[in-house]
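As stored in entry-v2.tsv (TSV, C-alpha atoms):
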chain	number	residue	atom	x	y	z
A	1	MET	CA	189.31	96.88	148.12
A	2	SER	CA	192.37	94.90	148.86
A	3	ILE	CA	195.51	95.68	150.73
A	4	ASN	CA	198.45	95.32	148.40
A	5	ALA	CA	201.90	96.60	147.56
A	6	THR	CA	200.53	100.12	147.15
A	7	LEU	CA	200.73	100.18	150.93
A	8	ILE	CA	204.50	99.82	150.80
A	9	GLY	CA	204.85	102.52	148.17
A	10	GLN	CA	202.71	104.85	150.21
A	11	MET	CA	204.72	104.16	153.33
A	12	ILE	CA	207.93	105.00	151.52
A	13	THR	CA	206.45	108.22	150.19
A	14	PHE	CA	205.20	109.10	153.64
A	15	ALA	CA	208.58	108.42	155.21
A	16	LEU	CA	210.29	110.59	152.61
A	17	LEU	CA	207.83	113.42	153.14
A	18	VAL	CA	208.23	113.32	156.90
A	19	TRP	CA	212.00	113.18	156.60
A	20	PHE	CA	212.07	116.12	154.23
A	21	THR	CA	209.73	118.17	156.41
A	22	MET	CA	211.79	117.39	159.47
A	23	LYS	CA	215.05	118.27	157.78
A	24	TYR	CA	214.31	121.22	155.55
A	25	ILE	CA	210.91	122.71	156.30
A	26	TRP	CA	210.12	122.73	159.98
A	27	PRO	CA	213.41	124.05	161.43
A	28	PRO	CA	213.83	127.23	159.34
A	29	LEU	CA	210.18	128.19	159.58
A	30	PHE	CA	209.99	127.52	163.27
A	31	GLN	CA	213.22	129.39	163.85
A	32	SER	CA	211.99	132.42	161.98
A	33	LEU	CA	208.85	132.34	164.10
A	34	GLU	CA	210.87	132.17	167.27
A	35	GLU	CA	213.14	134.96	166.10
A	36	ARG	CA	210.20	137.17	165.29
A	37	LYS	CA	208.67	136.43	168.67
A	38	LYS	CA	211.90	137.49	170.31
A	39	LYS	CA	212.14	140.60	168.16
A	40	ILE	CA	208.62	141.64	169.04
A	41	ALA	CA	209.24	141.05	172.71
A	42	GLU	CA	212.41	143.11	172.53
A	43	GLY	CA	210.60	145.84	170.66
A	44	LEU	CA	207.87	145.98	173.27
A	45	ALA	CA	210.41	146.07	176.06
A	46	ALA	CA	212.31	148.85	174.30
A	47	ALA	CA	209.12	150.83	173.84
A	48	GLU	CA	208.28	150.48	177.50
A	49	ARG	CA	211.78	151.48	178.48
A	50	GLY	CA	211.56	154.47	176.16
A	51	GLN	CA	208.33	155.57	177.72
A	52	HIS	CA	209.78	155.20	181.17
A	53	GLU	CA	212.82	157.20	180.16
A	54	MET	CA	210.61	159.88	178.70
A	55	GLU	CA	208.71	160.15	181.95
A	56	LEU	CA	211.98	160.48	183.84
A	57	ALA	CA	213.22	163.11	181.42
A	58	GLU	CA	209.99	165.04	181.81
A	59	LYS	CA	210.34	165.00	185.56
A	60	LYS	CA	213.95	166.08	185.25
A	61	ALA	CA	213.03	168.86	182.85
A	62	LEU	CA	210.40	170.12	185.28
A	63	GLY	CA	212.98	170.15	188.07
A	64	VAL	CA	215.46	172.03	185.93
A	65	LEU	CA	212.80	174.53	184.95
A	66	ARG	CA	211.83	175.13	188.57
A	67	ASN	CA	215.47	175.60	189.54
A	68	ALA	CA	215.99	178.02	186.71
A	69	LYS	CA	212.97	180.03	187.80
A	70	GLU	CA	214.22	180.17	191.37
A	71	GLN	CA	217.65	181.18	190.22
A	72	SER	CA	216.36	183.90	187.99
A	73	ALA	CA	214.24	185.27	190.82
A	74	ASP	CA	217.32	185.28	193.04
A	75	ILE	CA	219.32	187.04	190.39
A	76	VAL	CA	216.67	189.71	189.99
A	77	THR	CA	216.54	190.33	193.75
A	78	MET	CA	220.29	190.49	193.94
A	79	ALA	CA	220.44	192.88	191.03
A	80	GLN	CA	217.89	195.14	192.67
A	81	LYS	CA	219.84	195.09	195.89
A	82	ARG	CA	223.05	195.80	194.05
A	83	ALA	CA	221.44	198.68	192.20
A	84	ASN	CA	220.25	200.16	195.46
A	85	GLU	CA	223.70	199.79	196.89
A	86	ILE	CA	225.25	201.47	193.89
A	87	VAL	CA	222.83	204.35	194.17
A	88	GLU	CA	223.60	204.67	197.89
A	89	GLU	CA	227.32	204.51	197.27
A	90	SER	CA	227.20	207.11	194.55
A	91	LYS	CA	225.15	209.32	196.84
A	92	THR	CA	227.80	209.03	199.56
A	93	VAL	CA	230.63	209.59	197.12
A	94	ALA	CA	228.89	212.63	195.67
A	95	LYS	CA	228.32	214.02	199.16
A	96	GLN	CA	231.96	213.45	200.06
A	97	GLU	CA	233.09	215.04	196.83
A	98	GLY	CA	230.83	217.99	197.48
A	99	ASP	CA	232.20	218.34	200.98
A	100	ARG	CA	235.71	218.13	199.68
A	101	LEU	CA	235.04	220.78	197.06
A	102	LEU	CA	233.37	222.92	199.64
A	103	ASN	CA	236.32	222.57	202.00
A	104	ALA	CA	238.80	223.30	199.26
A	105	ALA	CA	236.84	226.36	198.29
A	106	LYS	CA	236.70	227.46	201.91
A	107	ALA	CA	240.44	226.93	202.28
A	108	GLN	CA	241.08	228.88	199.14
A	109	ILE	CA	238.84	231.65	200.36
A	110	ASP	CA	240.69	231.66	203.68
A	111	GLN	CA	243.99	231.74	201.95
A	112	GLU	CA	242.90	234.51	199.68
A	113	LEU	CA	241.55	236.34	202.69
A	114	GLN	CA	244.87	235.87	204.42
A	115	GLN	CA	246.73	237.11	201.40
A	116	ALA	CA	244.45	240.08	201.15
A	117	LYS	CA	244.92	240.73	204.81
A	118	GLU	CA	248.68	240.44	204.41
A	119	GLY	CA	248.63	242.77	201.47
A	120	LEU	CA	246.44	245.18	203.26
A	121	ARG	CA	248.65	245.03	206.32
A	122	LYS	CA	251.70	245.65	204.26
A	123	GLU	CA	250.03	248.45	202.42
A	124	VAL	CA	248.63	249.89	205.62
A	125	SER	CA	252.01	249.65	207.32
A	126	SER	CA	253.82	251.17	204.41
A	127	LEU	CA	251.15	253.84	204.22
A	128	ALA	CA	251.51	254.42	207.92
A	129	ILE	CA	255.27	254.51	207.60
A	130	LYS	CA	254.93	256.92	204.72
A	131	ALA	CA	252.57	259.04	206.65
A	132	ALA	CA	254.77	258.82	209.66
A	133	GLU	CA	257.81	259.56	207.54
A	134	GLN	CA	256.09	262.55	206.17
A	135	ILE	CA	255.00	263.66	209.61
A	136	LEU	CA	258.23	262.91	211.22
A	137	SER	CA	260.56	263.67	208.38
A	138	ALA	CA	260.89	267.07	209.58
A	139	GLU	CA	261.54	266.32	213.16
A	140	ILE	CA	262.47	262.72	213.71
A	141	ASP	CA	265.49	260.93	212.52
A	142	GLU	CA	264.48	257.92	210.49
A	143	GLY	CA	267.22	255.79	211.76
A	144	LYS	CA	266.40	256.40	215.36
A	145	HIS	CA	262.73	255.41	215.20
A	146	GLN	CA	262.94	252.60	212.79
A	147	GLU	CA	262.74	250.12	215.61
A	148	ILE	CA	259.52	251.55	216.99
A	149	VAL	CA	257.86	251.64	213.58
A	150	SER	CA	258.58	248.03	212.85
A	151	LYS	CA	257.28	247.08	216.26
A	152	ILE	CA	254.02	248.80	215.51
A	153	SER	CA	253.90	247.31	212.11
A	154	ASN	CA	254.24	243.87	213.69
A	155	GLN	CA	251.48	244.62	216.13
A	156	LEU	CA	249.20	245.55	213.23
A	157	GLY	CA	249.61	242.12	211.81
B	1	MET	CA	185.89	93.50	142.56
B	2	ALA	CA	187.16	95.39	139.56
B	3	THR	CA	186.80	92.45	137.25
B	4	GLU	CA	183.03	92.03	137.64
B	5	ALA	CA	182.61	95.76	137.18
B	6	HIS	CA	183.70	95.68	133.55
B	7	ALA	CA	180.50	94.16	132.42
B	8	ALA	CA	178.16	96.21	134.56
B	9	GLU	CA	176.45	99.12	132.92
B	10	GLY	CA	174.21	101.95	134.09
B	11	ALA	CA	174.33	103.42	137.55
B	12	THR	CA	176.12	100.52	139.19
B	13	GLY	CA	178.72	100.40	136.48
B	14	TYR	CA	179.26	104.13	136.76
B	15	ILE	CA	179.76	103.96	140.50
B	16	ILE	CA	182.03	100.96	140.39
B	17	HIS	CA	184.02	102.50	137.59
B	18	HIS	CA	184.65	105.60	139.63
B	19	LEU	CA	185.76	103.66	142.64
B	20	THR	CA	188.06	101.27	140.83
B	21	PRO	CA	191.71	102.15	140.98
B	22	LEU	CA	194.10	102.10	138.09
B	23	SER	CA	196.22	99.12	138.94
B	24	VAL	CA	199.01	97.02	137.61
B	25	GLY	CA	200.27	93.69	138.86
B	26	GLU	CA	198.63	90.68	140.42
B	27	GLY	CA	197.70	89.57	143.91
B	28	PHE	CA	199.56	91.31	146.67
B	29	TRP	CA	201.97	92.88	144.23
B	30	THR	CA	199.25	94.99	142.69
B	31	LEU	CA	200.10	98.69	142.57
B	32	HIS	CA	197.43	101.34	142.51
B	33	LEU	CA	199.11	103.75	140.15
B	34	ASP	CA	196.54	106.50	140.63
B	35	THR	CA	196.88	106.44	144.40
B	36	LEU	CA	200.65	106.41	144.19
B	37	PHE	CA	200.73	109.13	141.57
B	38	PHE	CA	198.28	111.51	143.19
B	39	SER	CA	199.60	111.14	146.70
B	40	ALA	CA	203.18	111.63	145.51
B	41	ALA	CA	202.15	114.61	143.42
B	42	LEU	CA	200.26	116.14	146.32
B	43	GLY	CA	203.18	115.42	148.62
B	44	GLY	CA	205.41	117.15	146.10
B	45	LEU	CA	203.06	120.12	146.05
B	46	PHE	CA	203.16	120.31	149.82
B	47	ILE	CA	206.94	120.05	149.91
B	48	TRP	CA	207.39	122.60	147.12
B	49	PHE	CA	205.07	125.13	148.72
B	50	PHE	CA	206.56	124.83	152.17
B	51	LYS	CA	210.15	124.67	150.99
B	52	ARG	CA	209.64	127.89	149.07
B	53	ALA	CA	208.30	129.54	152.21
B	54	ALA	CA	211.09	128.06	154.33
B	55	ASP	CA	213.76	129.37	151.97
B	56	LYS	CA	212.35	132.86	152.07
B	57	ALA	CA	211.52	132.79	155.76
B	58	THR	CA	212.65	135.86	157.65
B	59	ALA	CA	212.08	137.08	161.15
B	60	GLY	CA	210.99	140.39	159.65
B	61	VAL	CA	207.65	141.25	158.15
B	62	PRO	CA	206.29	138.04	156.58
B	63	GLY	CA	204.87	137.88	153.07
B	64	LEU	CA	201.55	136.34	152.16
B	65	VAL	CA	202.87	132.81	151.61
B	66	GLN	CA	205.03	132.91	154.70
B	67	ASN	CA	202.12	134.19	156.73
B	68	PHE	CA	199.95	131.31	155.63
B	69	VAL	CA	202.65	128.73	156.21
B	70	GLU	CA	203.47	130.19	159.60
B	71	MET	CA	199.82	130.07	160.54
B	72	LEU	CA	199.83	126.33	159.85
B	73	ILE	CA	203.12	125.90	161.71
B	74	GLU	CA	201.80	127.74	164.75
B	75	PHE	CA	198.59	125.74	164.57
B	76	VAL	CA	200.41	122.43	164.51
B	77	ASP	CA	202.84	123.59	167.16
B	78	THR	CA	199.98	124.58	169.46
B	79	GLN	CA	198.31	121.21	168.97
B	80	VAL	CA	201.54	119.40	169.75
B	81	LYS	CA	202.28	121.54	172.80
B	82	ASP	CA	198.76	120.99	174.10
B	83	SER	CA	198.99	117.23	174.28
B	84	PHE	CA	202.63	116.29	173.95
B	85	HIS	CA	204.89	117.15	176.84
B	86	GLY	CA	208.05	115.32	175.88
B	87	LYS	CA	210.76	116.64	173.63
B	88	SER	CA	210.91	115.30	170.13
B	89	GLU	CA	212.40	116.54	166.90
B	90	LEU	CA	210.08	114.34	164.94
B	91	ILE	CA	206.62	114.94	166.20
B	92	CYS	CA	206.01	118.48	164.95
B	93	PRO	CA	207.17	117.86	161.39
B	94	LEU	CA	205.30	114.55	161.44
B	95	ALA	CA	202.10	116.22	162.52
B	96	LEU	CA	202.49	118.98	159.94
B	97	THR	CA	203.13	116.48	157.18
B	98	ILE	CA	200.14	114.38	158.16
B	99	PHE	CA	197.82	117.36	158.36
B	100	CYS	CA	198.84	118.88	155.05
B	101	TRP	CA	199.12	115.62	153.16
B	102	VAL	CA	195.82	114.24	154.34
B	103	PHE	CA	194.18	117.57	153.69
B	104	LEU	CA	195.48	117.61	150.12
B	105	TRP	CA	194.39	114.01	149.56
B	106	ASN	CA	190.95	114.82	150.80
B	107	PHE	CA	190.87	118.03	148.83
B	108	MET	CA	190.93	115.99	145.62
B	109	ASP	CA	187.43	115.03	146.64
B	110	LEU	CA	186.21	118.51	145.81
B	111	PHE	CA	187.10	118.25	142.16
B	112	PRO	CA	184.03	117.34	140.13
B	113	VAL	CA	183.90	113.56	140.08
B	114	ASP	CA	184.06	113.22	136.34
B	115	ILE	CA	186.61	115.81	135.38
B	116	LEU	CA	189.90	114.02	136.09
B	117	PRO	CA	188.70	110.57	134.96
B	118	ALA	CA	187.46	112.21	131.75
B	119	ILE	CA	190.87	113.76	131.13
B	120	GLY	CA	192.39	110.39	132.01
B	121	SER	CA	190.22	108.52	129.53
B	122	MET	CA	191.25	110.98	126.84
B	123	MET	CA	194.82	109.92	127.51
B	124	GLY	CA	193.79	106.26	127.41
B	125	ILE	CA	193.55	105.68	131.15
B	126	THR	CA	190.44	103.62	131.76
B	127	TYR	CA	190.25	103.78	135.51
B	128	LEU	CA	191.19	106.71	137.64
B	129	ARG	CA	190.40	107.21	141.27
B	130	VAL	CA	191.68	110.61	142.15
B	131	VAL	CA	191.22	110.73	145.92
B	132	PRO	CA	194.08	108.84	147.59
B	133	SER	CA	192.23	108.68	150.91
B	134	THR	CA	189.53	106.54	149.30
B	135	ASP	CA	192.22	103.89	148.95
B	136	LEU	CA	192.68	101.77	152.06
B	137	ASN	CA	196.32	101.33	151.13
B	138	ALA	CA	197.00	105.01	151.47
B	139	THR	CA	195.27	105.42	154.80
B	140	PHE	CA	196.72	102.22	156.18
B	141	ALA	CA	200.20	103.13	154.98
B	142	MET	CA	200.01	106.25	157.04
B	143	SER	CA	198.44	104.71	160.10
B	144	ILE	CA	200.82	101.74	160.09
B	145	SER	CA	203.75	104.14	159.87
B	146	VAL	CA	202.34	105.95	162.88
B	147	PHE	CA	201.84	102.60	164.60
B	148	CYS	CA	205.48	101.71	164.01
B	149	LEU	CA	206.48	105.03	165.53
B	150	ILE	CA	204.24	104.34	168.54
B	151	ILE	CA	205.91	100.98	169.12
B	152	PHE	CA	209.36	102.45	168.49
B	153	TYR	CA	208.92	105.27	170.95
B	154	SER	CA	207.23	103.06	173.54
B	155	ILE	CA	210.26	100.80	173.54
B	156	LYS	CA	212.71	103.69	173.32
B	157	VAL	CA	211.22	105.65	176.21
B	158	LYS	CA	210.15	102.84	178.54
B	159	GLY	CA	212.72	100.28	177.53
B	160	PRO	CA	211.78	96.83	176.17
B	161	TRP	CA	211.04	95.51	179.66
B	162	GLY	CA	209.08	98.59	180.66
B	163	PHE	CA	206.94	98.33	177.56
B	164	ALA	CA	206.41	94.63	178.12
B	165	LYS	CA	205.44	95.27	181.73
B	166	GLU	CA	202.94	97.85	180.59
B	167	LEU	CA	201.45	95.32	178.19
B	168	MET	CA	201.28	92.57	180.79
B	169	PHE	CA	200.49	94.22	184.11
B	170	GLN	CA	198.12	96.98	183.17
B	171	PRO	CA	195.39	97.79	183.81
B	172	PHE	CA	194.46	94.95	186.23
B	173	GLY	CA	197.75	93.91	187.83
B	174	PRO	CA	199.88	90.76	187.44
B	175	TRP	CA	197.15	88.27	188.46
B	176	LEU	CA	195.20	88.90	185.29
B	177	LEU	CA	198.20	88.83	182.99
B	178	PRO	CA	196.67	87.11	179.90
B	179	PHE	CA	193.64	89.31	180.09
B	180	ASN	CA	195.80	92.41	180.41
B	181	LEU	CA	197.89	91.36	177.46
B	182	LEU	CA	194.84	90.73	175.31
B	183	LEU	CA	193.33	94.06	176.27
B	184	LYS	CA	196.53	95.99	175.64
B	185	VAL	CA	197.25	94.32	172.31
B	186	VAL	CA	193.75	95.03	171.13
B	187	GLU	CA	194.11	98.60	172.30
B	188	GLU	CA	197.35	99.05	170.42
B	189	ILE	CA	196.14	97.34	167.26
B	190	ALA	CA	192.95	99.37	167.34
B	191	LYS	CA	194.91	102.58	167.02
B	192	PRO	CA	196.15	102.19	163.44
B	193	ILE	CA	193.00	100.45	162.33
B	194	SER	CA	190.72	103.15	163.67
B	195	LEU	CA	192.94	105.88	162.24
B	196	ALA	CA	192.96	104.36	158.77
B	197	LEU	CA	189.34	103.27	158.66
B	198	ARG	CA	188.00	106.54	159.98
B	199	LEU	CA	189.71	108.54	157.27
B	200	PHE	CA	188.96	106.00	154.57
B	201	GLY	CA	185.32	105.61	155.56
B	202	ASN	CA	184.62	109.31	155.66
B	203	LEU	CA	186.20	110.06	152.36
B	204	TYR	CA	184.94	106.94	150.61
B	205	ALA	CA	181.40	107.70	151.68
B	206	GLY	CA	181.81	111.33	150.75
B	207	GLU	CA	183.08	110.45	147.31
B	208	LEU	CA	180.29	107.93	146.88
B	209	ILE	CA	177.72	110.57	147.59
B	210	PHE	CA	179.32	112.90	145.06
B	211	ILE	CA	179.11	110.08	142.53
B	212	LEU	CA	175.48	109.44	143.40
B	213	ILE	CA	174.70	113.13	142.98
B	214	ALA	CA	176.47	113.03	139.62
B	215	LEU	CA	174.00	110.33	138.53
B	216	LEU	CA	171.03	112.65	139.00
B	217	PRO	CA	169.63	114.88	136.28
B	218	TRP	CA	171.88	117.87	135.67
B	219	PHE	CA	169.41	120.49	136.99
B	220	ILE	CA	169.21	118.84	140.39
B	221	GLN	CA	172.94	118.29	140.75
B	222	PRO	CA	174.00	121.81	141.83
B	223	VAL	CA	171.28	121.96	144.48
B	224	LEU	CA	172.73	118.86	146.11
B	225	SER	CA	176.39	118.91	145.26
B	226	PHE	CA	176.88	122.52	146.30
B	227	PRO	CA	175.79	122.06	149.95
B	228	TRP	CA	177.51	118.69	150.06
B	229	ALA	CA	180.74	120.23	148.78
B	230	ILE	CA	180.54	122.98	151.36
B	231	PHE	CA	179.90	120.41	154.05
B	232	HIS	CA	182.83	118.46	152.68
B	233	ILE	CA	185.18	121.39	153.10
B	234	LEU	CA	184.51	120.94	156.78
B	235	ILE	CA	184.84	117.14	156.60
B	236	ILE	CA	188.17	117.08	154.78
B	237	THR	CA	189.74	119.58	157.15
B	238	LEU	CA	188.28	117.84	160.14
B	239	GLN	CA	189.53	114.44	159.03
B	240	ALA	CA	193.03	115.78	158.44
B	241	PHE	CA	192.90	117.44	161.83
B	242	ILE	CA	191.65	114.29	163.59
B	243	PHE	CA	194.37	112.18	162.01
B	244	MET	CA	197.00	114.66	163.11
B	245	VAL	CA	195.71	115.13	166.65
B	246	LEU	CA	195.28	111.40	167.24
B	247	THR	CA	198.81	110.79	166.00
B	248	ILE	CA	200.08	113.36	168.48
B	249	VAL	CA	198.01	111.88	171.28
B	250	TYR	CA	199.13	108.32	170.55
B	251	LEU	CA	202.76	109.37	170.39
B	252	SER	CA	202.49	111.31	173.62
B	253	MET	CA	200.94	108.22	175.23
B	254	ALA	CA	203.89	106.25	173.93
B	255	HIS	CA	206.20	108.76	175.61
B	256	GLU	CA	204.49	108.67	178.97
B	257	ASP	CA	205.87	106.33	181.53
B	258	HIS	CA	203.27	105.02	183.94
For this file, produce the structure as structure tokens.
Amino acid sequence: MSINATLIGQMITFALLVWFTMKYIWPPLFQSLEERKKKIAEGLAAAERGQHEMELAEKKALGVLRNAKEQSADIVTMAQKRANEIVEESKTVAKQEGDRLLNAAKAQIDQELQQAKEGLRKEVSSLAIKAAEQILSAEIDEGKHQEIVSKISNQLG
Amino acid sequence: MATEAHAAEGATGYIIHHLTPLSVGEGFWTLHLDTLFFSAALGGLFIWFFKRAADKATAGVPGLVQNFVEMLIEFVDTQVKDSFHGKSELICPLALTIFCWVFLWNFMDLFPVDILPAIGSMMGITYLRVVPSTDLNATFAMSISVFCLIIFYSIKVKGPWGFAKELMFQPFGPWLLPFNLLLKVVEEIAKPISLALRLFGNLYAGELIFILIALLPWFIQPVLSFPWAIFHILIITLQAFIFMVLTIVYLSMAHEDH
């Protein structure tokens, strides 16, 4: 069991192996490990961020939903109010229209009454004149009494 | 020791045969071809496997191979971060290489003790010791390399004078300078020696026990070698881990300025 030149050969082999490992084996493997570590860390961070964002979005969605509900309730109330108003308005309008029609009818009736009265007056006056003519034809000169007749006729109106 | 073993027969011969490396050359310039071959081949396996994963590495969903490799990378990185607080491009790859390479060396221990030498002898190779960590040269090569790095970083971080001061004036102050120096030098030298001998001793003993079990009658062998192999799965991983962690600790000590 002697120490001999094998020692030198072994040392050379060892040096070569260490050199090769240092140059070509350790760096790429270690780098890939580091890269993966970073990737995983990034992935975890992203997942956490995503979760956080989801929570925020959920909160936001809830807020939006609540707002929408409130708004819809408002809209319904407003619509009801508006409907009531419309009904009231139409009631007023209808009443006014009715009044107007009523008034118009009354006016027409008045007018017609007036016309009838006029006609009647004329007829009555002419009848009276005729009667008077016939009564007076014998004794009264038409020309002389014309003035009196028309005065009476005016009084009849 | 190999030369006497040729003649020996029986159990002793069998054991010695299994623990004798395939060597060429004389004296110091002997080369253990099996150690060199297997450790280089295992290093190649390690490099090939990890390079394949590194080429395909993505930050996306990892495949099976990438997952496994990344598990090791994370494991080593955690160990380094736990005890090493400086910044170094070298220490992580170094630790990874040590862990995987030593583990693969030790893993050769789990092959049945006779299978690879038998294949070897078919190809005309008389001796074959398949576990590189049962060769002191392999373990010392690694620990001496680590030792050189310790010295290098000590000087680089603390400066030559700072390192010298640490050797001379600690732990007992300037009045006990020679004693301090002795203590510190022993401490430093002990690091590579303990690293190398711990690994070598564990694996050598483990292999020896496998060989001893292989000498028993065939019907007893599974009863013993199975639990020992399972225990060894723990040992080989543990030894690789210890080597790696101690390297990290020593280097972090080298980086710390007192």
B:Thr237, B:Ser121, B:Met71, B:Leu136 ranked by distance to chain A, top pick (using all atoms listed in the file):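 Closest residue, counting all atoms listed in the file: B:Leu136.
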Between atom CA of B:Val24 and atom CA of A:Phe14, distance in Å (one decimal):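 Separation between atom CA of B:Val24 and atom CA of A:Phe14: 21.0 Å.
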For B:Val113, the nearest of the candidates B:Val69, B:Val131, B:Leu167, B:Leu31, counting all atoms listed in the file: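 Ranked by minimum distance to B:Val113, first place goes to B:Val131.
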Residues within 12 Å of B:Gly124, only C-alpha atoms, excluding chain neighbours under 6 positions, as a ChimeraX atom specification: /B:22,117-118
Nearest candidate to chain B (options A:Leu33, A:Leu16, A:Leu127, A:Ala47; using all atoms listed in the file):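 Among A:Leu33, A:Leu16, A:Leu127, A:Ala47, it is A:Leu33 that comes nearest to chain B.
For the pair atom CA of B:Leu251 and atom CA of B:Tyr153, the separation is 7.4 Å.
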Tell me, as a PDB file with C-alpha atoms, in the frame of the given file, which residues lie within 9 Å of stretch 153-156 of chain A, counting only C-alpha atoms; anything in the same chain fewer than 3 positions away does not count.
ATOM      1  CA  ARG A 121     248.650 245.030 206.320  1.00  0.00           C
ATOM      2  CA  LYS A 122     251.700 245.650 204.260  1.00  0.00           C
ATOM      3  CA  VAL A 124     248.630 249.890 205.620  1.00  0.00           C
ATOM      4  CA  SER A 125     252.010 249.650 207.320  1.00  0.00           C
ATOM      5  CA  SER A 126     253.820 251.170 204.410  1.00  0.00           C
ATOM      6  CA  ALA A 128     251.510 254.420 207.920  1.00  0.00           C
ATOM      7  CA  ILE A 129     255.270 254.510 207.600  1.00  0.00           C
ATOM      8  CA  ILE A 148     259.520 251.550 216.990  1.00  0.00           C
ATOM      9  CA  VAL A 149     257.860 251.640 213.580  1.00  0.00           C
ATOM     10  CA  SER A 150     258.580 248.030 212.850  1.00  0.00           C
TER      11      SER A 150
END
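The interatomic distance for the pair atom CA of B:Val186 and atom CA of B:Ala254 works out to 15.4 Å.
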Residue hits in chain A, query chain B, radius 7 Å, only C-alpha atoms, as a ChimeraX atom specification: /A:3-11,13-14,17-18,21-22,25-26,28-29,32-33,35-36
Contacts of B:Leu110 within 12 Å, only C-alpha atoms, excl. fewer than 5 positions in-chain, as a PyMOL selection string: chain B and resi 103-105+115-116+130-131+203+206-207+209-211+225-237
Dump of stretch 61-73 of chain A from preceding block, N, CA and C atoms, as a compact mmCIF listing (two decimals), in the first residue's frame:
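Heads up, here's the output in part-v1.txt:
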# COMPACT_ATOMS: atom_id res chain seq x y z
N ALA A 61 -69.03 44.77 -7.02
CA ALA A 61 -70.24 44.24 -7.63
C ALA A 61 -71.42 44.38 -6.67
N LEU A 62 -71.16 44.08 -5.40
CA LEU A 62 -72.22 44.20 -4.39
C LEU A 62 -72.74 45.64 -4.32
N GLY A 63 -71.76 46.59 -4.34
CA GLY A 63 -72.12 48.00 -4.29
C GLY A 63 -73.00 48.38 -5.47
N VAL A 64 -72.53 47.93 -6.66
CA VAL A 64 -73.28 48.26 -7.88
C VAL A 64 -74.70 47.70 -7.80
N LEU A 65 -74.78 46.47 -7.30
CA LEU A 65 -76.08 45.81 -7.20
C LEU A 65 -77.01 46.60 -6.28
N ARG A 66 -76.44 47.01 -5.13
CA ARG A 66 -77.25 47.75 -4.17
C ARG A 66 -77.75 49.07 -4.78
N ASN A 67 -76.83 49.76 -5.47
CA ASN A 67 -77.18 51.00 -6.15
C ASN A 67 -78.31 50.77 -7.13
N ALA A 68 -78.14 49.70 -7.92
CA ALA A 68 -79.13 49.42 -8.95
C ALA A 68 -80.49 49.19 -8.31
N LYS A 69 -80.49 48.46 -7.20
CA LYS A 69 -81.75 48.19 -6.50
C LYS A 69 -82.41 49.49 -6.05
N GLU A 70 -81.56 50.35 -5.44
CA GLU A 70 -82.09 51.62 -4.97
C GLU A 70 -82.68 52.43 -6.11
N GLN A 71 -81.89 52.44 -7.20
CA GLN A 71 -82.34 53.22 -8.35
C GLN A 71 -83.66 52.69 -8.89
N SER A 72 -83.74 51.38 -8.97
CA SER A 72 -84.96 50.82 -9.54
C SER A 72 -86.15 51.14 -8.64
N ALA A 73 -85.92 51.09 -7.33
CA ALA A 73 -87.01 51.44 -6.40
C ALA A 73 -87.45 52.89 -6.63
